[in-house]
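Participant: So here's model.cif, just mmCIF, C-alpha atoms:
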```cif
data_target
loop_
_atom_site.label_atom_id
_atom_site.label_comp_id
_atom_site.auth_asym_id
_atom_site.auth_seq_id
_atom_site.Cartn_x
_atom_site.Cartn_y
_atom_site.Cartn_z
CA MET A 1 -33.44 39.93 73.36
CA ALA A 2 -33.46 43.58 72.25
CA LYS A 3 -36.84 45.22 71.96
CA LYS A 4 -37.95 45.94 68.39
CA SER A 5 -38.16 49.57 67.36
CA ILE A 6 -41.57 50.92 66.41
CA THR A 7 -40.69 51.09 62.73
CA GLU A 8 -39.61 47.44 62.75
CA SER A 9 -42.52 46.16 64.83
CA ASP A 10 -44.77 43.49 63.36
CA SER A 11 -47.70 44.71 61.32
CA LEU A 12 -51.09 44.71 63.01
CA TYR A 13 -52.26 42.62 60.05
CA ASP A 14 -51.25 39.17 58.85
CA HIS A 15 -51.84 36.91 55.85
CA LEU A 16 -51.82 39.96 53.60
CA GLU A 17 -51.57 37.79 50.51
CA GLN A 18 -54.95 36.28 51.36
CA MET A 19 -56.74 39.62 51.47
CA SER A 20 -58.81 40.87 48.56
CA VAL A 21 -57.71 44.03 46.78
CA SER A 22 -60.53 45.88 48.52
CA GLU A 23 -59.37 44.66 51.94
CA LEU A 24 -55.78 45.62 51.22
CA LEU A 25 -56.76 49.12 50.14
CA MET A 26 -59.14 49.70 53.04
CA ASN A 27 -56.62 48.49 55.62
CA ILE A 28 -53.77 50.55 54.16
CA ASN A 29 -56.04 53.59 54.18
CA TYR A 30 -57.07 52.88 57.78
CA GLU A 31 -53.41 52.89 58.81
CA ASP A 32 -52.66 56.01 56.76
CA ALA A 33 -55.45 57.82 58.61
CA LYS A 34 -53.38 57.55 61.80
CA VAL A 35 -50.50 59.59 60.39
CA ALA A 36 -51.94 63.12 60.60
CA SER A 37 -52.85 62.59 64.24
CA ALA A 38 -49.31 61.44 65.03
CA VAL A 39 -47.89 64.51 63.28
CA ARG A 40 -50.24 66.77 65.26
CA LYS A 41 -48.79 65.43 68.51
CA SER A 42 -45.33 66.47 67.29
CA ILE A 43 -46.27 70.09 66.48
CA PRO A 44 -44.55 71.49 69.61
CA GLN A 45 -41.28 69.88 68.45
CA ILE A 46 -41.81 71.11 64.88
CA GLU A 47 -42.53 74.63 66.12
CA THR A 48 -39.36 74.67 68.21
CA LEU A 49 -37.23 73.61 65.24
CA VAL A 50 -38.81 76.07 62.79
CA SER A 51 -38.50 78.91 65.30
CA ALA A 52 -34.80 78.13 65.72
CA ILE A 53 -34.13 77.96 61.96
CA LEU A 54 -36.07 81.10 60.99
CA PRO A 55 -33.73 83.81 62.35
CA ARG A 56 -30.78 82.13 60.64
CA MET A 57 -32.58 82.12 57.31
CA LEU A 58 -33.68 85.73 57.79
CA ASP A 59 -29.96 86.52 58.16
CA GLY A 60 -29.14 84.72 54.91
CA GLY A 61 -28.57 81.19 56.18
CA ARG A 62 -29.48 78.10 54.19
CA LEU A 63 -31.36 74.92 55.08
CA PHE A 64 -30.05 71.44 54.33
CA TYR A 65 -31.77 68.05 54.53
CA ILE A 66 -29.82 64.80 54.65
CA GLY A 67 -31.08 61.23 54.60
CA SER A 68 -30.90 57.85 52.90
CA GLY A 69 -33.40 55.84 50.88
CA THR A 70 -36.98 57.08 51.13
CA SER A 71 -36.03 59.66 53.74
CA GLY A 72 -33.32 61.14 51.53
CA ARG A 73 -35.63 61.23 48.52
CA LEU A 74 -38.32 63.04 50.49
CA GLY A 75 -35.84 65.70 51.54
CA ILE A 76 -34.74 66.19 47.95
CA VAL A 77 -38.35 66.46 46.77
CA ASP A 78 -39.15 69.10 49.38
CA ALA A 79 -36.02 71.10 48.63
CA SER A 80 -36.50 70.93 44.86
CA GLU A 81 -40.05 72.26 45.13
CA CYS A 82 -39.10 75.43 47.00
CA PRO A 83 -37.71 77.40 44.01
CA PRO A 84 -40.71 76.93 41.68
CA THR A 85 -43.24 77.37 44.49
CA PHE A 86 -41.71 80.30 46.33
CA GLY A 87 -39.30 81.84 43.82
CA VAL A 88 -36.22 81.30 46.00
CA SER A 89 -32.78 80.31 44.77
CA HIS A 90 -31.92 76.65 44.35
CA GLU A 91 -29.21 77.10 46.97
CA LEU A 92 -31.55 78.19 49.78
CA VAL A 93 -32.87 74.69 50.55
CA THR A 94 -30.82 71.65 49.52
CA GLY A 95 -31.46 67.93 49.94
CA LEU A 96 -28.71 65.30 50.03
CA ILE A 97 -29.05 61.52 49.86
CA ALA A 98 -26.66 58.72 50.78
CA GLY A 99 -25.09 57.40 47.60
CA GLY A 100 -25.39 60.68 45.72
CA ASP A 101 -27.88 61.77 43.08
CA GLY A 102 -27.87 58.32 41.47
CA ALA A 103 -29.52 56.97 44.62
CA ILE A 104 -32.58 59.10 43.94
CA ARG A 105 -33.68 56.53 41.36
CA LYS A 106 -31.71 53.43 42.28
CA ALA A 107 -30.68 52.32 45.75
CA VAL A 108 -26.93 52.32 46.40
CA GLU A 109 -26.01 49.32 48.55
CA PHE A 110 -24.63 50.07 52.02
CA ALA A 111 -24.33 53.82 51.32
CA GLU A 112 -26.31 54.59 54.46
CA ASP A 113 -23.81 52.67 56.62
CA ASN A 114 -20.94 55.11 56.04
CA ALA A 115 -20.89 57.46 59.03
CA GLU A 116 -18.25 59.79 57.55
CA GLN A 117 -19.53 60.25 54.00
CA GLY A 118 -22.45 62.53 54.83
CA TRP A 119 -20.25 65.27 56.21
CA LYS A 120 -17.97 64.97 53.19
CA ASP A 121 -21.01 65.33 50.92
CA LEU A 122 -22.27 68.32 52.88
CA SER A 123 -18.88 70.03 53.03
CA ARG A 124 -18.96 70.50 49.27
CA TYR A 125 -21.61 73.14 49.88
CA LYS A 126 -19.36 75.10 52.27
CA ILE A 127 -21.92 74.78 55.05
CA SER A 128 -21.34 77.27 57.88
CA LYS A 129 -22.65 78.29 61.30
CA SER A 130 -25.30 80.46 59.67
CA ASP A 131 -26.91 77.38 58.08
CA SER A 132 -29.23 74.70 59.49
CA LEU A 133 -29.29 70.93 58.97
CA ILE A 134 -32.17 68.46 59.36
CA GLY A 135 -31.37 64.76 59.38
CA ILE A 136 -34.19 62.52 58.16
CA ALA A 137 -34.27 58.84 59.16
CA ALA A 138 -37.39 56.88 60.02
CA SER A 139 -35.39 54.40 62.10
CA GLY A 140 -33.33 57.08 63.84
CA ARG A 141 -30.24 54.92 63.62
CA THR A 142 -28.84 55.52 60.10
CA PRO A 143 -25.04 56.00 60.40
CA TYR A 144 -24.83 58.28 57.34
CA VAL A 145 -27.29 60.71 58.95
CA ILE A 146 -26.10 60.42 62.55
CA GLY A 147 -22.47 60.94 61.59
CA THR A 148 -23.37 64.06 59.63
CA ILE A 149 -25.38 65.53 62.50
CA LYS A 150 -22.52 64.90 64.93
CA SER A 151 -20.03 66.65 62.65
CA ALA A 152 -22.44 69.54 62.14
CA ASN A 153 -22.79 69.94 65.91
CA GLU A 154 -19.01 70.07 66.25
CA SER A 155 -18.95 72.83 63.64
CA GLY A 156 -21.58 74.92 65.45
CA ILE A 157 -24.35 74.31 62.92
CA LEU A 158 -27.96 74.17 64.10
CA THR A 159 -29.22 70.58 63.86
CA GLY A 160 -32.63 68.96 63.88
CA CYS A 161 -34.05 65.62 62.81
CA ILE A 162 -37.23 63.83 61.78
CA THR A 163 -37.59 60.25 62.98
CA CYS A 164 -40.45 57.82 63.61
CA ASN A 165 -39.03 56.04 66.65
CA LYS A 166 -38.62 57.35 70.17
CA GLU A 167 -35.39 57.85 72.09
CA THR A 168 -33.15 57.12 69.10
CA GLU A 169 -29.48 57.97 68.72
CA LEU A 170 -30.38 60.44 65.97
CA ALA A 171 -32.75 62.29 68.31
CA ARG A 172 -30.14 62.28 71.07
CA VAL A 173 -27.46 63.91 68.92
CA SER A 174 -29.83 66.45 67.28
CA ALA A 175 -30.38 69.77 69.03
CA PHE A 176 -34.01 69.93 67.89
CA PRO A 177 -35.47 66.43 67.34
CA ILE A 178 -38.90 65.71 65.89
CA GLU A 179 -40.33 62.28 66.72
CA VAL A 180 -43.49 61.23 64.87
CA LEU A 181 -44.67 57.89 66.20
CA VAL A 182 -46.95 56.41 63.55
CA GLY A 183 -46.82 52.81 64.79
CA PRO A 184 -46.10 49.59 62.87
CA GLU A 185 -46.26 49.64 59.10
CA PHE A 186 -48.94 47.72 57.18
CA VAL A 187 -46.13 45.68 55.60
CA THR A 188 -43.73 45.07 58.49
CA GLY A 189 -40.75 47.42 58.31
CA SER A 190 -41.81 49.15 55.06
CA THR A 191 -41.14 52.70 56.24
CA ARG A 192 -41.85 54.17 52.81
CA MET A 193 -45.49 53.87 53.90
CA LYS A 194 -46.70 55.56 57.12
CA ALA A 195 -43.28 56.78 58.22
CA GLY A 196 -42.61 58.21 54.77
CA THR A 197 -46.00 59.93 54.75
CA ALA A 198 -45.31 61.42 58.17
CA GLN A 199 -41.91 62.70 57.07
CA LYS A 200 -43.44 64.28 53.98
CA LEU A 201 -46.08 66.04 56.09
CA VAL A 202 -43.48 67.38 58.50
CA LEU A 203 -41.26 68.59 55.66
CA ASN A 204 -44.27 70.36 54.12
CA MET A 205 -44.87 72.10 57.44
CA VAL A 206 -41.24 73.08 57.99
CA SER A 207 -40.52 74.50 54.53
CA THR A 208 -43.91 76.12 53.99
CA SER A 209 -43.98 77.86 57.36
CA LEU A 210 -40.41 79.08 56.85
CA MET A 211 -41.19 80.42 53.37
CA ILE A 212 -44.28 82.22 54.63
CA LYS A 213 -42.29 83.84 57.45
CA LEU A 214 -39.58 84.76 54.93
CA GLY A 215 -42.23 86.75 53.06
CA ARG A 216 -42.63 84.45 50.06
CA VAL A 217 -46.45 84.32 50.33
CA LYS A 218 -48.85 87.26 50.23
CA GLY A 219 -52.27 86.69 51.76
CA ASN A 220 -52.60 83.06 50.80
CA LYS A 221 -51.07 83.31 47.33
CA MET A 222 -47.74 82.08 45.91
CA VAL A 223 -46.86 85.48 44.50
CA ASP A 224 -43.23 84.55 43.90
CA MET A 225 -43.86 81.27 42.07
CA GLN A 226 -41.88 80.70 38.89
CA LEU A 227 -44.04 81.03 35.79
CA SER A 228 -42.49 77.92 34.26
CA ASN A 229 -45.52 76.41 32.52
CA GLN A 230 -48.92 77.39 31.19
CA LYS A 231 -50.76 76.17 34.29
CA LEU A 232 -48.71 78.48 36.51
CA VAL A 233 -49.09 81.40 34.11
CA GLU A 234 -52.85 80.89 34.21
CA ARG A 235 -52.75 80.76 38.02
CA GLY A 236 -50.85 84.05 38.01
CA VAL A 237 -53.38 85.63 35.68
CA LEU A 238 -56.23 84.57 37.96
CA MET A 239 -54.44 86.01 41.00
CA LEU A 240 -54.15 89.38 39.31
CA MET A 241 -57.76 89.27 38.07
CA GLU A 242 -59.05 88.56 41.58
CA THR A 243 -56.77 90.97 43.44
CA LEU A 244 -56.75 93.89 41.04
CA HIS A 245 -60.22 93.36 39.52
CA MET A 246 -58.75 93.20 36.02
CA THR A 247 -60.04 91.56 32.91
CA ARG A 248 -58.20 88.44 31.76
CA GLU A 249 -56.51 90.38 28.96
CA GLU A 250 -55.38 93.15 31.32
CA ALA A 251 -54.04 90.63 33.82
CA ARG A 252 -52.15 88.70 31.18
CA ASN A 253 -50.60 91.86 29.77
CA CYS A 254 -49.64 92.98 33.26
CA LEU A 255 -48.04 89.61 34.05
CA ASP A 256 -46.15 89.63 30.75
CA LYS A 257 -44.87 93.12 31.47
CA TYR A 258 -43.58 92.52 34.99
CA GLY A 259 -42.70 88.83 34.83
CA SER A 260 -44.02 87.84 38.25
CA VAL A 261 -47.20 88.14 40.27
CA ARG A 262 -45.44 90.03 43.07
CA LYS A 263 -43.92 92.64 40.76
CA ALA A 264 -47.22 93.05 38.93
CA LEU A 265 -49.08 93.57 42.21
CA GLU A 266 -46.52 95.99 43.60
CA ALA A 267 -46.53 98.06 40.41
CA SER A 268 -50.31 98.16 40.12
CA LEU A 269 -50.93 98.98 43.79
CA LYS A 270 -48.51 101.94 43.92
#
```
Would you mind giving the structure from this file in structure tokens?

Facilitator:
Amino acid sequence: MAKKSITESDSLYDHLEQMSVSELLMNINYEDAKVASAVRKSIPQIETLVSAILPRMLDGGRLFYIGSGTSGRLGIVDASECPPTFGVSHELVTGLIAGGDGAIRKAVEFAEDNAEQGWKDLSRYKISKSDSLIGIAASGRTPYVIGTIKSANESGILTGCITCNKETELARVSAFPIEVLVGPEFVTGSTRMKAGTAQKLVLNMVSTSLMIKLGRVKGNKMVDMQLSNQKLVERGVLMLMETLHMTREEARNCLDKYGSVRKALEASLK
């Protein structure tokens, strides 16, 4: 009999329905506490991938994520947050999910089983050798993701992956694999839990470190953030007040004049 993968292994807990709400919450939290430690062990792999992607992005290359289900949604979330957070174009980081945009909200049956569709989806973006691709699959065996990575390799595109099992096919076909071994899920096989949390943490690390090295952060501030709501405008005002020792009115006028924290800082510090 084939050995179960880590992500499909039986939960360390049983008779969940007999637990009190307090017991459920405490045990879920206990398992969640293991995730950051597992991610820490994978930092050398994460560093290798980020270091490989960075020169391509400095030369104008883009970053793509591809996945299915929870993994695909997490990639889309990370990609969609880069423009408002760092002021980059929506084309710089793109997330794709098996089944198309409709699968973001509602699962598309068997979409992840099509090994050819991912490359077709990705080809619409005219992906090239200057770009990078990260496949995201907790199991490490999703055909949609593996097929896309294989095709990307054949086209000379840099490939990486994020998985929560060891020695998977996805890791084998990816040039720069990241394996975060978080152990069995609280609910057996429910990889939206610890595996999903691990993937989210790794994506945070990858995109944030890349954006910092691309110059989209100054000091520790998001100086290129889009001023798309009142909360962000207020954050920009506070940045200028603290950095330039302005009054609130002066900072607000300065931000209104230049339209971004970076431009306001550059103009005022000349």

Participant: I'd like the neighbourhood of Arg73 in chain A as a list in words, where a residue qualifies if any of its atoms comes within 7 Å (using all atoms listed in the file), though same-chain residues fewer than 4 positions away should be ignored.

Facilitator: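 Using all atoms listed in the file, the neighbours found are Gly69, Val77, Ile97 and Ile104 of chain A.
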
Participant: Looking at A:Ser5, A:Gln117, A:Ser89, A:Thr70, which one is nearest to Lys194 in chain A, with distances taken over only C-alpha atoms?

Facilitator: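 Among the listed residues, A:Thr70 lies closest to Lys194 in chain A.
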
Participant: Identify which of the residues A:Leu25, A:Leu16, A:Leu255, A:Leu158 lies closest to Phe176 in chain A, counting all atoms listed in the file when measuring atom-to-atom distances.

Facilitator: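 The answer is A:Leu158, which sits nearest to Phe176 in chain A.
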
Participant: Taking all atoms listed in the file into account, which of A:Asp224, A:Glu179, A:Glu23, A:Glu250 comes nearest Val39 in chain A?

Facilitator: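 Looking at the shortest contact to Val39 in chain A, the residue is A:Glu179.
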
Participant: As a check of understanding, name the residues that the PyMOL selection byres ((chain A and resi 267) around 12) selects in the supplied structure, as a VMD selection string.

Facilitator: chain A and resid 240 244 254 to 255 257 to 266 268 to 270

Participant: Would you write out, as a ChimeraX atom specification, every residue that the PyMOL selection byres ((chain A and resi 211) around 10) captures in this file?

Facilitator: /A:54,57,82,85-88,205-210,212-217

Participant: Translate the PyMOL selection byres ((chain A and resi 134-140) around 6), as applied to the file shown, into an explicit residue set as a PyMOL selection string.

Facilitator: chain A and resi 65-67+71+133+141+145+159-164+168+170

Participant: For Ala38 in chain A, list every protein, DNA or RNA residue within 8 Å, evaluated using all atoms listed in the file, and leave out those in the same chain fewer than 5 positions away; present the list as a VMD selection string.

Facilitator: chain A and resid 180 to 182 198

Participant: Work out how far CA of Ser68 in chain A is from CA of Ile146 in chain A, in Å to one decimal.

Facilitator: 11.1 Å

Participant: Could you check how far CA of Lys106 in chain A sits from CA of Ala79 in chain A, in Å to one decimal?

Facilitator: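 Separation between CA of Lys106 in chain A and CA of Ala79 in chain A: 19.3 Å.
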
Participant: Give me, please, the distance in Å between CA of Asp10 in chain A and CA of Glu31 in chain A, quoted to one decimal.

Facilitator: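 Interatomic distance here is 13.6 Å.
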
Participant: Which one of A:Asp14, A:Glu167, A:Glu234, A:Asp131 sits closest to Asn153 in chain A if you count all atoms listed in the file?

Facilitator: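 Checking each candidate against Asn153 in chain A, we get A:Asp131 as the closest.
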
Participant: Taking all atoms of range 98-106 of chain A that the file lists, what box with edges along x, y and z, padded by 5 Å per side, do you get, with centre and edge lengths in Å to one decimal, as lines of an AutoDock Vina configuration file?

Facilitator:
```
center_x = -29.4
center_y = 57.6
center_z = 46.1
size_x = 18.6
size_y = 18.3
size_z = 19.4
```

Participant: Name the residues, using the chain letters and numbers of the file, that sit within 9 Å of (-39.9, 62.9, 49.2) when counting only C-alpha atoms, and give them as a ChimeraX atom specification.

Facilitator: /A:70-78,196-197,199-200,203

Participant: For Val223 in chain A, which of A:Arg62, A:Ile149, A:Pro84, A:Ser174 is the closest residue, counting all atoms listed in the file?

Facilitator: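 Looking at the shortest contact to Val223 in chain A, the residue is A:Pro84.
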